[in-house]
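See below for run00.cif, which holds mmCIF, C-alpha atoms.
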data_run
loop_
_atom_site.group_PDB
_atom_site.id
_atom_site.type_symbol
_atom_site.label_atom_id
_atom_site.label_comp_id
_atom_site.auth_asym_id
_atom_site.auth_seq_id
_atom_site.Cartn_x
_atom_site.Cartn_y
_atom_site.Cartn_z
ATOM 1 C CA MET A 1 -29.785 3.075 -0.106
ATOM 2 C CA GLY A 2 -27.558 0.306 1.194
ATOM 3 C CA ALA A 3 -27.802 -1.646 -2.052
ATOM 4 C CA ALA A 4 -27.111 1.496 -4.089
ATOM 5 C CA GLY A 5 -23.981 2.126 -2.053
ATOM 6 C CA TYR A 6 -22.811 -1.376 -2.905
ATOM 7 C CA LEU A 7 -23.395 -1.188 -6.667
ATOM 8 C CA GLY A 8 -19.868 -0.143 -7.584
ATOM 9 C CA LEU A 9 -18.419 -3.441 -6.329
ATOM 10 C CA GLY A 10 -20.589 -5.389 -8.739
ATOM 11 C CA SER A 11 -20.226 -3.126 -11.751
ATOM 12 C CA VAL A 12 -17.422 -0.619 -12.359
ATOM 13 C CA TRP A 13 -14.991 -0.804 -9.427
ATOM 14 C CA ALA A 14 -12.392 -2.824 -11.336
ATOM 15 C CA LEU A 15 -12.691 -0.640 -14.443
ATOM 16 C CA GLY A 16 -11.052 2.270 -12.629
ATOM 17 C CA LEU A 17 -7.973 2.845 -10.496
ATOM 18 C CA SER A 18 -9.217 0.331 -7.924
ATOM 19 C CA SER A 19 -8.380 -2.453 -10.381
ATOM 20 C CA SER A 20 -5.790 -4.669 -8.701
ATOM 21 C CA ALA A 21 -5.246 -6.631 -11.908
ATOM 22 C CA ALA A 22 -4.568 -3.579 -14.106
ATOM 23 C CA LEU A 23 -2.276 -1.950 -11.528
ATOM 24 C CA LEU A 24 -0.360 -5.176 -10.985
ATOM 25 C CA MET A 25 0.187 -5.715 -14.715
ATOM 26 C CA ALA A 26 1.520 -2.154 -15.017
ATOM 27 C CA THR A 27 4.096 -2.736 -12.255
ATOM 28 C CA LYS A 28 6.999 -4.911 -13.392
ATOM 29 C CA GLY A 29 8.245 -5.551 -9.855
ATOM 30 C CA SER A 30 4.836 -6.868 -8.773
ATOM 31 C CA ILE A 31 4.368 -9.355 -11.624
ATOM 32 C CA PRO A 32 5.559 -12.890 -10.742
ATOM 33 C CA PRO A 33 8.482 -13.805 -13.058
ATOM 34 C CA ALA A 34 6.619 -16.781 -14.540
ATOM 35 C CA LEU A 35 3.688 -14.548 -15.470
ATOM 36 C CA TYR A 36 5.977 -11.788 -16.751
ATOM 37 C CA LYS A 37 7.418 -14.185 -19.345
ATOM 38 C CA ILE A 38 3.913 -14.628 -20.735
ATOM 39 C CA SER A 39 2.586 -11.077 -20.633
ATOM 40 C CA GLY A 40 5.373 -8.586 -19.996
ATOM 41 C CA THR A 41 4.120 -5.301 -18.581
ATOM 42 C CA ILE A 42 0.780 -3.879 -19.668
ATOM 43 C CA PRO A 43 0.620 -0.105 -18.977
ATOM 44 C CA LEU A 44 -2.593 1.533 -17.806
ATOM 45 C CA GLU A 45 -2.879 3.426 -21.101
ATOM 46 C CA MET A 46 -3.679 0.058 -22.697
ATOM 47 C CA THR A 47 -6.198 -1.086 -20.065
ATOM 48 C CA LEU A 48 -7.972 1.501 -17.907
ATOM 49 C CA PHE A 49 -7.333 4.574 -20.032
ATOM 50 C CA THR A 50 -8.847 3.414 -23.313
ATOM 51 C CA TRP A 51 -12.047 4.548 -24.981
ATOM 52 C CA GLN A 52 -13.311 0.973 -24.903
ATOM 53 C CA ASN A 53 -13.075 0.912 -21.114
ATOM 54 C CA LEU A 54 -14.766 4.315 -20.908
ATOM 55 C CA VAL A 55 -17.662 2.970 -22.984
ATOM 56 C CA MET A 56 -18.120 0.085 -20.541
ATOM 57 C CA ILE A 57 -18.043 2.431 -17.558
ATOM 58 C CA VAL A 58 -20.632 4.809 -19.016
ATOM 59 C CA VAL A 59 -22.977 1.999 -20.101
ATOM 60 C CA LEU A 60 -22.805 0.217 -16.720
ATOM 61 C CA VAL A 61 -23.272 3.417 -14.698
ATOM 62 C CA VAL A 62 -26.327 4.395 -16.746
ATOM 63 C CA LEU A 63 -27.720 0.860 -16.536
ATOM 64 C CA SER A 64 -27.201 0.675 -12.765
ATOM 65 C CA CYS A 65 -28.861 4.030 -12.157
ATOM 66 C CA TRP A 66 -31.821 3.109 -14.359
ATOM 67 C CA ILE A 67 -32.359 -0.163 -12.478
ATOM 68 C CA CYS A 68 -32.162 1.718 -9.171
ATOM 69 C CA TYR A 69 -34.740 4.221 -10.399
ATOM 70 C CA VAL A 70 -37.285 1.676 -11.588
ATOM 71 C CA SER A 71 -36.827 -0.668 -8.609
ATOM 72 C CA THR A 72 -37.052 1.949 -5.853
ATOM 73 C CA PRO A 73 -40.019 1.190 -3.559
ATOM 74 C CA THR A 74 -42.843 3.692 -3.448
ATOM 75 C CA ALA A 75 -43.262 5.857 -0.361
ATOM 76 C CA GLU A 76 -45.946 3.501 0.922
ATOM 77 C CA ARG A 77 -43.661 0.448 0.671
ATOM 78 C CA ALA A 78 -40.386 2.073 1.674
ATOM 79 C CA LYS A 79 -38.555 0.814 4.762
ATOM 80 C CA THR A 80 -36.888 3.355 7.037
ATOM 81 C CA ALA A 81 -33.768 2.787 9.121
ATOM 82 C CA GLU A 82 -35.864 2.831 12.285
ATOM 83 C CA MET A 83 -38.177 0.155 10.904
ATOM 84 C CA ALA A 84 -35.145 -2.014 10.158
ATOM 85 C CA GLY A 85 -33.980 -1.641 13.747
ATOM 86 C CA ILE A 86 -30.969 0.477 12.834
ATOM 87 C CA GLU A 87 -29.896 3.262 15.170
ATOM 88 C CA TYR A 88 -27.209 5.654 14.035
ATOM 89 C CA LYS A 89 -24.947 7.315 16.574
ATOM 90 C CA ASP A 90 -22.160 9.830 16.380
ATOM 91 C CA SER A 91 -19.024 7.735 15.906
ATOM 92 C CA LYS A 92 -16.571 10.567 16.577
ATOM 93 C CA GLU A 93 -14.067 9.378 19.142
ATOM 94 C CA ASP A 94 -12.045 11.307 21.673
ATOM 95 C CA LEU A 95 -8.372 10.855 20.858
ATOM 96 C CA GLY A 96 -7.398 11.653 24.425
ATOM 97 C CA LYS A 97 -4.440 13.785 25.406
ATOM 98 C CA PRO A 98 -0.694 13.187 25.167
ATOM 99 C CA GLN A 99 0.780 11.689 28.333
ATOM 100 C CA THR A 100 4.465 12.139 27.493
ATOM 101 C CA PRO A 101 6.512 14.669 25.489
ATOM 102 C CA GLY A 102 7.094 11.971 22.852
ATOM 103 C CA GLU A 103 3.366 11.488 22.348
ATOM 104 C CA TRP A 104 2.892 15.193 21.666
ATOM 105 C CA LEU A 105 3.847 14.689 18.016
ATOM 106 C CA GLU A 106 1.131 12.052 17.640
ATOM 107 C CA PHE A 107 -1.489 14.626 18.576
ATOM 108 C CA SER A 108 0.002 17.377 16.432
ATOM 109 C CA PRO A 109 -0.406 17.786 12.660
ATOM 110 C CA ILE A 110 3.269 18.743 12.270
ATOM 111 C CA LEU A 111 4.414 15.268 11.217
ATOM 112 C CA THR A 112 1.463 14.909 8.867
ATOM 113 C CA ILE A 113 2.253 18.231 7.181
ATOM 114 C CA VAL A 114 5.944 17.380 6.769
ATOM 115 C CA LEU A 115 5.215 13.925 5.354
ATOM 116 C CA GLY A 116 2.473 15.354 3.135
ATOM 117 C CA ILE A 117 4.845 17.936 1.632
ATOM 118 C CA LEU A 118 7.528 15.303 1.041
ATOM 119 C CA GLY A 119 4.939 13.022 -0.546
ATOM 120 C CA VAL A 120 3.693 15.734 -2.917
ATOM 121 C CA LEU A 121 7.261 16.608 -3.947
ATOM 122 C CA TYR A 122 8.045 12.952 -4.597
ATOM 123 C CA LEU A 123 4.896 12.411 -6.668
ATOM 124 C CA ALA A 124 5.548 15.577 -8.666
ATOM 125 C CA ASP A 125 9.058 14.329 -9.471
ATOM 126 C CA VAL A 126 7.791 10.855 -10.473
ATOM 127 C CA PHE A 127 5.085 12.222 -12.779
ATOM 128 C CA GLN A 128 7.497 14.727 -14.307
ATOM 129 C CA THR A 129 10.197 12.087 -14.847
ATOM 130 C CA LYS A 130 8.030 9.255 -16.189
ATOM 131 C CA GLY A 131 5.368 11.443 -17.735
ATOM 132 C CA GLY A 132 1.639 11.466 -17.036
ATOM 133 C CA LEU A 133 -0.186 8.157 -16.899
ATOM 134 C CA ALA A 134 3.025 6.171 -17.407
ATOM 135 C CA ALA A 135 3.921 6.982 -13.795
ATOM 136 C CA LEU A 136 0.809 5.288 -12.416
ATOM 137 C CA ASP A 137 1.441 1.784 -11.135
ATOM 138 C CA LEU A 138 0.508 -0.214 -8.046
ATOM 139 C CA ASN A 139 3.194 1.331 -5.839
ATOM 140 C CA ILE A 140 2.449 4.949 -6.796
ATOM 141 C CA TYR A 141 -1.288 4.357 -6.435
ATOM 142 C CA ASN A 142 -0.872 2.943 -2.914
ATOM 143 C CA PHE A 143 1.488 5.768 -1.957
ATOM 144 C CA MET A 144 -0.996 8.393 -3.146
ATOM 145 C CA PHE A 145 -3.798 6.939 -1.037
ATOM 146 C CA LEU A 146 -1.566 6.488 2.001
ATOM 147 C CA SER A 147 -0.558 10.146 1.803
ATOM 148 C CA ALA A 148 -4.157 11.261 1.248
ATOM 149 C CA GLY A 149 -5.333 9.189 4.222
ATOM 150 C CA MET A 150 -2.789 10.776 6.527
ATOM 151 C CA LEU A 151 -3.671 14.295 5.403
ATOM 152 C CA LEU A 152 -7.422 13.720 5.748
ATOM 153 C CA HIS A 153 -7.027 12.387 9.296
ATOM 154 C CA TRP A 154 -4.687 15.302 9.978
ATOM 155 C CA LYS A 155 -3.196 13.944 13.205
ATOM 156 C CA PRO A 156 -1.032 10.779 13.301
ATOM 157 C CA ARG A 157 -2.934 9.391 16.303
ATOM 158 C CA ALA A 158 -6.266 9.712 14.445
ATOM 159 C CA PHE A 159 -4.810 7.998 11.378
ATOM 160 C CA LEU A 160 -3.385 5.102 13.405
ATOM 161 C CA LYS A 161 -6.655 4.569 15.276
ATOM 162 C CA ALA A 162 -8.598 4.517 12.013
ATOM 163 C CA CYS A 163 -6.213 1.912 10.541
ATOM 164 C CA ALA A 164 -6.482 -0.284 13.639
ATOM 165 C CA LYS A 165 -10.281 -0.001 13.638
ATOM 166 C CA SER A 166 -10.575 -0.983 9.980
ATOM 167 C CA VAL A 167 -8.573 -4.206 10.271
ATOM 168 C CA PRO A 168 -11.417 -6.277 11.818
ATOM 169 C CA MET A 169 -13.583 -5.412 8.789
ATOM 170 C CA THR A 170 -10.855 -6.247 6.271
ATOM 171 C CA GLY A 171 -9.118 -9.113 8.064
ATOM 172 C CA GLY A 172 -10.838 -11.716 5.895
ATOM 173 C CA VAL A 173 -9.439 -10.003 2.806
ATOM 174 C CA LEU A 174 -5.904 -9.649 4.158
ATOM 175 C CA ILE A 175 -5.418 -13.332 4.936
ATOM 176 C CA GLN A 176 -6.489 -14.457 1.444
ATOM 177 C CA PHE A 177 -3.511 -13.245 -0.533
ATOM 178 C CA PRO A 178 -0.794 -15.607 0.803
ATOM 179 C CA LEU A 179 -3.147 -18.473 -0.106
ATOM 180 C CA TYR A 180 -3.539 -17.202 -3.675
ATOM 181 C CA ALA A 181 0.251 -16.920 -4.000
ATOM 182 C CA GLY A 182 0.475 -20.570 -3.003
ATOM 183 C CA ILE A 183 -2.150 -21.564 -5.578
ATOM 184 C CA PHE A 184 -0.189 -19.659 -8.239
ATOM 185 C CA GLY A 185 3.000 -21.541 -7.328
ATOM 186 C CA VAL A 186 1.255 -24.918 -7.511
ATOM 187 C CA MET A 187 -0.273 -24.116 -10.906
ATOM 188 C CA MET A 188 2.979 -22.954 -12.472
ATOM 189 C CA GLY A 189 5.085 -25.713 -10.932
ATOM 190 C CA SER A 190 2.727 -28.582 -11.729
ATOM 191 C CA GLY A 191 2.077 -27.670 -15.354
ATOM 192 C CA LEU A 192 -1.635 -27.119 -14.697
ATOM 193 C CA ASN A 193 -1.285 -23.678 -16.250
ATOM 194 C CA ASP A 194 -0.354 -25.183 -19.636
ATOM 195 C CA LEU A 195 -3.236 -27.652 -19.495
ATOM 196 C CA LEU A 196 -5.773 -24.911 -18.762
ATOM 197 C CA ALA A 197 -4.359 -22.671 -21.501
ATOM 198 C CA LYS A 198 -4.674 -25.523 -24.008
ATOM 199 C CA PHE A 199 -8.228 -26.169 -22.822
ATOM 200 C CA PHE A 200 -9.282 -22.564 -23.468
ATOM 201 C CA VAL A 201 -7.603 -22.604 -26.874
ATOM 202 C CA SER A 202 -9.421 -25.838 -27.764
ATOM 203 C CA ILE A 203 -12.910 -24.542 -26.922
ATOM 204 C CA SER A 204 -12.604 -20.995 -28.300
ATOM 205 C CA ASN A 205 -11.211 -18.806 -31.041
ATOM 206 C CA ALA A 206 -10.145 -15.176 -31.295
ATOM 207 C CA GLU A 207 -13.805 -14.122 -31.512
ATOM 208 C CA THR A 208 -15.175 -16.117 -28.601
ATOM 209 C CA LEU A 209 -12.272 -16.126 -26.114
ATOM 210 C CA PRO A 210 -13.274 -12.831 -24.386
ATOM 211 C CA VAL A 211 -16.825 -14.081 -23.774
ATOM 212 C CA ILE A 212 -15.743 -17.543 -22.612
ATOM 213 C CA VAL A 213 -13.145 -16.095 -20.244
ATOM 214 C CA GLY A 214 -15.742 -13.574 -19.026
ATOM 215 C CA VAL A 215 -18.169 -16.344 -18.106
ATOM 216 C CA TYR A 216 -15.379 -18.378 -16.517
ATOM 217 C CA SER A 217 -14.084 -15.426 -14.448
ATOM 218 C CA ALA A 218 -17.570 -14.608 -13.206
ATOM 219 C CA ILE A 219 -18.209 -18.205 -12.100
ATOM 220 C CA LEU A 220 -14.776 -18.518 -10.479
ATOM 221 C CA GLY A 221 -15.459 -15.273 -8.606
ATOM 222 C CA LEU A 222 -18.172 -17.041 -6.623
ATOM 223 C CA PHE A 223 -15.524 -19.296 -5.074
ATOM 224 C CA LEU A 224 -12.499 -16.957 -5.021
ATOM 225 C CA PRO A 225 -13.848 -13.538 -3.953
ATOM 226 C CA SER A 226 -10.786 -11.459 -4.693
ATOM 227 C CA GLY A 227 -9.712 -9.066 -7.411
ATOM 228 C CA GLY A 228 -5.919 -9.110 -7.423
ATOM 229 C CA GLY A 229 -5.446 -12.473 -5.741
ATOM 230 C CA LYS A 230 -7.726 -14.291 -8.175
ATOM 231 C CA TRP A 231 -6.021 -12.597 -11.113
ATOM 232 C CA ILE A 232 -2.678 -14.085 -10.041
ATOM 233 C CA VAL A 233 -4.309 -17.514 -10.233
ATOM 234 C CA GLU A 234 -6.174 -16.912 -13.479
ATOM 235 C CA ALA A 235 -3.788 -14.709 -15.476
ATOM 236 C CA PRO A 236 -1.143 -17.279 -16.565
ATOM 237 C CA TYR A 237 -3.444 -19.553 -18.552
ATOM 238 C CA VAL A 238 -5.848 -16.819 -19.691
ATOM 239 C CA LEU A 239 -3.044 -14.663 -21.120
ATOM 240 C CA GLU A 240 -1.239 -17.680 -22.577
ATOM 241 C CA ALA A 241 -4.445 -18.649 -24.389
ATOM 242 C CA ALA A 242 -4.770 -15.042 -25.619
ATOM 243 C CA ASN A 243 -1.217 -15.155 -26.969
ATOM 244 C CA GLN A 244 -1.892 -18.367 -28.837
ATOM 245 C CA LEU A 245 -5.158 -17.096 -30.337
ATOM 246 C CA LYS A 246 -3.731 -13.599 -31.019
ATOM 247 C CA VAL A 247 -6.203 -11.787 -28.799
ATOM 248 C CA ASN A 248 -5.247 -8.388 -27.354
ATOM 249 C CA LEU A 249 -3.689 -9.024 -23.910
ATOM 250 C CA SER A 250 -4.694 -5.681 -22.434
ATOM 251 C CA TRP A 251 -8.316 -6.369 -23.338
ATOM 252 C CA MET A 252 -8.132 -9.724 -21.562
ATOM 253 C CA VAL A 253 -7.208 -7.818 -18.405
ATOM 254 C CA GLN A 254 -10.353 -5.729 -18.889
ATOM 255 C CA VAL A 255 -12.396 -8.836 -19.632
ATOM 256 C CA TYR A 256 -11.331 -10.107 -16.228
ATOM 257 C CA ASN A 257 -12.014 -6.746 -14.566
ATOM 258 C CA ALA A 258 -15.546 -6.457 -15.926
ATOM 259 C CA ALA A 259 -16.564 -10.092 -15.447
ATOM 260 C CA GLU A 260 -15.081 -10.880 -12.052
ATOM 261 C CA ALA A 261 -17.073 -8.028 -10.489
ATOM 262 C CA LEU A 262 -20.413 -9.622 -11.439
ATOM 263 C CA PRO A 263 -20.536 -12.296 -8.680
ATOM 264 C CA ASN A 264 -19.996 -9.542 -6.108
ATOM 265 C CA PHE A 265 -23.677 -8.739 -6.561
ATOM 266 C CA ILE A 266 -24.577 -12.010 -4.838
ATOM 267 C CA ASN A 267 -21.432 -12.819 -2.833
ATOM 268 C CA PRO A 268 -21.979 -11.577 0.746
ATOM 269 C CA PHE A 269 -18.229 -11.504 1.413
ATOM 270 C CA TRP A 270 -17.794 -8.019 -0.063
ATOM 271 C CA MET A 271 -20.965 -6.794 1.629
ATOM 272 C CA LEU A 272 -19.397 -7.228 5.082
ATOM 273 C CA PRO A 273 -17.820 -3.748 5.384
ATOM 274 C CA LEU A 274 -21.030 -2.071 4.185
ATOM 275 C CA MET A 275 -23.148 -4.127 6.560
ATOM 276 C CA GLY A 276 -20.815 -3.243 9.403
ATOM 277 C CA LEU A 277 -21.143 0.467 8.643
ATOM 278 C CA THR A 278 -24.878 0.618 8.027
ATOM 279 C CA GLY A 279 -26.223 -2.121 10.284
ATOM 280 C CA VAL A 280 -28.251 -3.743 7.479
ATOM 281 C CA LYS A 281 -28.317 -7.489 6.801
ATOM 282 C CA ALA A 282 -27.303 -9.278 3.606
ATOM 283 C CA ARG A 283 -30.898 -10.390 3.000
ATOM 284 C CA ASP A 284 -31.932 -6.708 2.927
ATOM 285 C CA LEU A 285 -29.512 -6.036 0.059
ATOM 286 C CA ALA A 286 -29.677 -9.279 -1.906
ATOM 287 C CA GLY A 287 -32.980 -8.663 -3.696
ATOM 288 C CA TYR A 288 -31.789 -5.380 -5.164
ATOM 289 C CA SER A 289 -28.287 -6.620 -6.042
ATOM 290 C CA ILE A 290 -29.556 -9.829 -7.715
ATOM 291 C CA LEU A 291 -31.809 -7.683 -9.905
ATOM 292 C CA GLN A 292 -28.726 -5.714 -10.982
ATOM 293 C CA LEU A 293 -26.883 -8.969 -11.749
ATOM 294 C CA PHE A 294 -29.757 -10.171 -13.927
ATOM 295 C CA PHE A 295 -29.408 -7.148 -16.234
ATOM 296 C CA HIS A 296 -25.647 -6.612 -15.995
ATOM 297 C CA THR A 297 -24.525 -10.096 -17.022
ATOM 298 C CA PRO A 298 -25.755 -10.115 -20.652
ATOM 299 C CA VAL A 299 -24.775 -6.462 -21.169
ATOM 300 C CA VAL A 300 -21.220 -7.039 -19.900
ATOM 301 C CA LEU A 301 -20.703 -10.169 -22.008
ATOM 302 C CA ILE A 302 -22.006 -8.488 -25.167
ATOM 303 C CA MET A 303 -19.723 -5.474 -24.633
ATOM 304 C CA LEU A 304 -16.696 -7.722 -24.015
ATOM 305 C CA TRP A 305 -17.373 -9.452 -27.332
ATOM 306 C CA LEU A 306 -18.109 -6.344 -29.409
ATOM 307 C CA LEU A 307 -15.321 -4.123 -28.072
ATOM 308 C CA ALA A 308 -12.741 -6.893 -28.499
ATOM 309 C CA LYS A 309 -13.208 -6.503 -32.246
ATOM 310 C CA THR A 310 -11.793 -2.959 -32.083
ATOM 311 C CA LEU A 311 -8.429 -4.006 -30.575
ATOM 312 C CA PRO A 312 -5.669 -5.717 -32.578
ATOM 313 C CA TYR A 313 -3.253 -8.210 -31.050
ATOM 314 C CA VAL A 314 -0.068 -6.641 -29.653
ATOM 315 C CA ALA A 315 2.974 -8.735 -28.758
ATOM 316 C CA PRO A 316 3.937 -8.704 -25.044
ATOM 317 C CA ILE A 317 6.222 -5.892 -23.857
ATOM 318 C CA ILE A 318 9.079 -7.797 -22.204
ATOM 319 C CA GLN A 319 12.167 -5.824 -21.206
#
Represent the structure of the file as structure tokens.
Amino acid sequence: MGAAGYLGLGSVWALGLSSSAALLMATKGSIPPALYKISGTIPLEMTLFTWQNLVMIVVLVVLSCWICYVSTPTAERAKTAEMAGIEYKDSKEDLGKPQTPGEWLEFSPILTIVLGILGVLYLADVFQTKGGLAALDLNIYNFMFLSAGMLLHWKPRAFLKACAKSVPMTGGVLIQFPLYAGIFGVMMGSGLNDLLAKFFVSISNAETLPVIVGVYSAILGLFLPSGGGKWIVEAPYVLEAANQLKVNLSWMVQVYNAAEALPNFINPFWMLPLMGLTGVKARDLAGYSILQLFFHTPVVLIMLWLLAKTLPYVAPIIQ
């Protein structure tokens, strides 16, 4: 059950609205200027909301479920939570009571309701003004989830406590991103980006670039376990190579999304939140997740190669 709950991080998480790379490329203000000159903006209609991406999602979901079905232990060999030494307790916490008149609002849903209404009105205006999927970018996506989180926790005090409690589990992720920004600056300033782009052009062509970049992204993911942060490092030379070989830029974003998720099956870094919630150990999950990796890798690479043939090259949208 623990391994099944982790499957999305190794298969389809980056093919949907959790994709940091796709959301970043759709948000002009979030794209570093040096990268913007190479790629321009790439709207979500050209990455996540394409039939090619839907094909990958369906195939990987079906494949994952099939592997789960055939690899599930029989009743005689199954291991229960009690056998694994895991004891589940009710985690509901008492929020306490307000001590001052000012704290009363923290324990009341009034602020949440007001902010929720304002958030809905703002989102309705944005979607009406920009139109449908064109309104979705990194900022709108984050705002939607922030608003949803507040409404689901209902009271401001409950929402704040949940945020504070989650930081220890995500602290390792939070401190990565300034480091990736530094790596990006070094690459662009030193000219290493141009050298890597030329290297990829020299060893590939329009047919093979998606597969080669897929393999490269998967291997790099073992050492840089991050979706959006690693994309900032990888995007300049990958997209520059795609421009030179006339390969669809939006598909290269999806190549990255599909391939960089693969090492998550064996990288314990992303298992930490799940292990903290369930009490299981990485060694309990690894056997099942490695089996998924064994089947997913060839399927993903073949799909990246075949589906690339259906997408023509489109010049960057630079405004």
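Residues within 12 Å of A:Leu306, counting all atoms listed in the file and excluding same-chain residues fewer than 3 positions away, are Gln52, Val55, Met56, Glu207, Thr208, Leu209, Pro210, Val211, Trp251, Val255, Val299, Val300, Leu301, Ile302, Met303, Lys309, Thr310 and Leu311 of chain A.
Comparing A:Ala242, A:Leu105, A:Ala124, A:Cys65 by their smallest distance to A:Lys155, the closest is A:Leu105 (using all atoms listed in the file).
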- Message: Taking the file as I've supplied it (selection: the PyMOL selection byres ((chain A and resi 43) around 10)), which residues are included? Please answer as a PyMOL selection string.
- Response: chain A and resi 22-28+40-42+44-49+133-137+250+317
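Separating atom CA of A:Trp13 from atom CA of A:Thr80 is a distance of 27.7 Å.
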- Message: Just want the 8 Å neighbourhood of A:Leu293, counted on all atoms listed in the file, with same-chain residues fewer than 4 positions away dropped. Output as a list in words.
- Response: Gly10, Leu262, Pro263, Phe265, Ile266, Ser289 and Thr297 of chain A
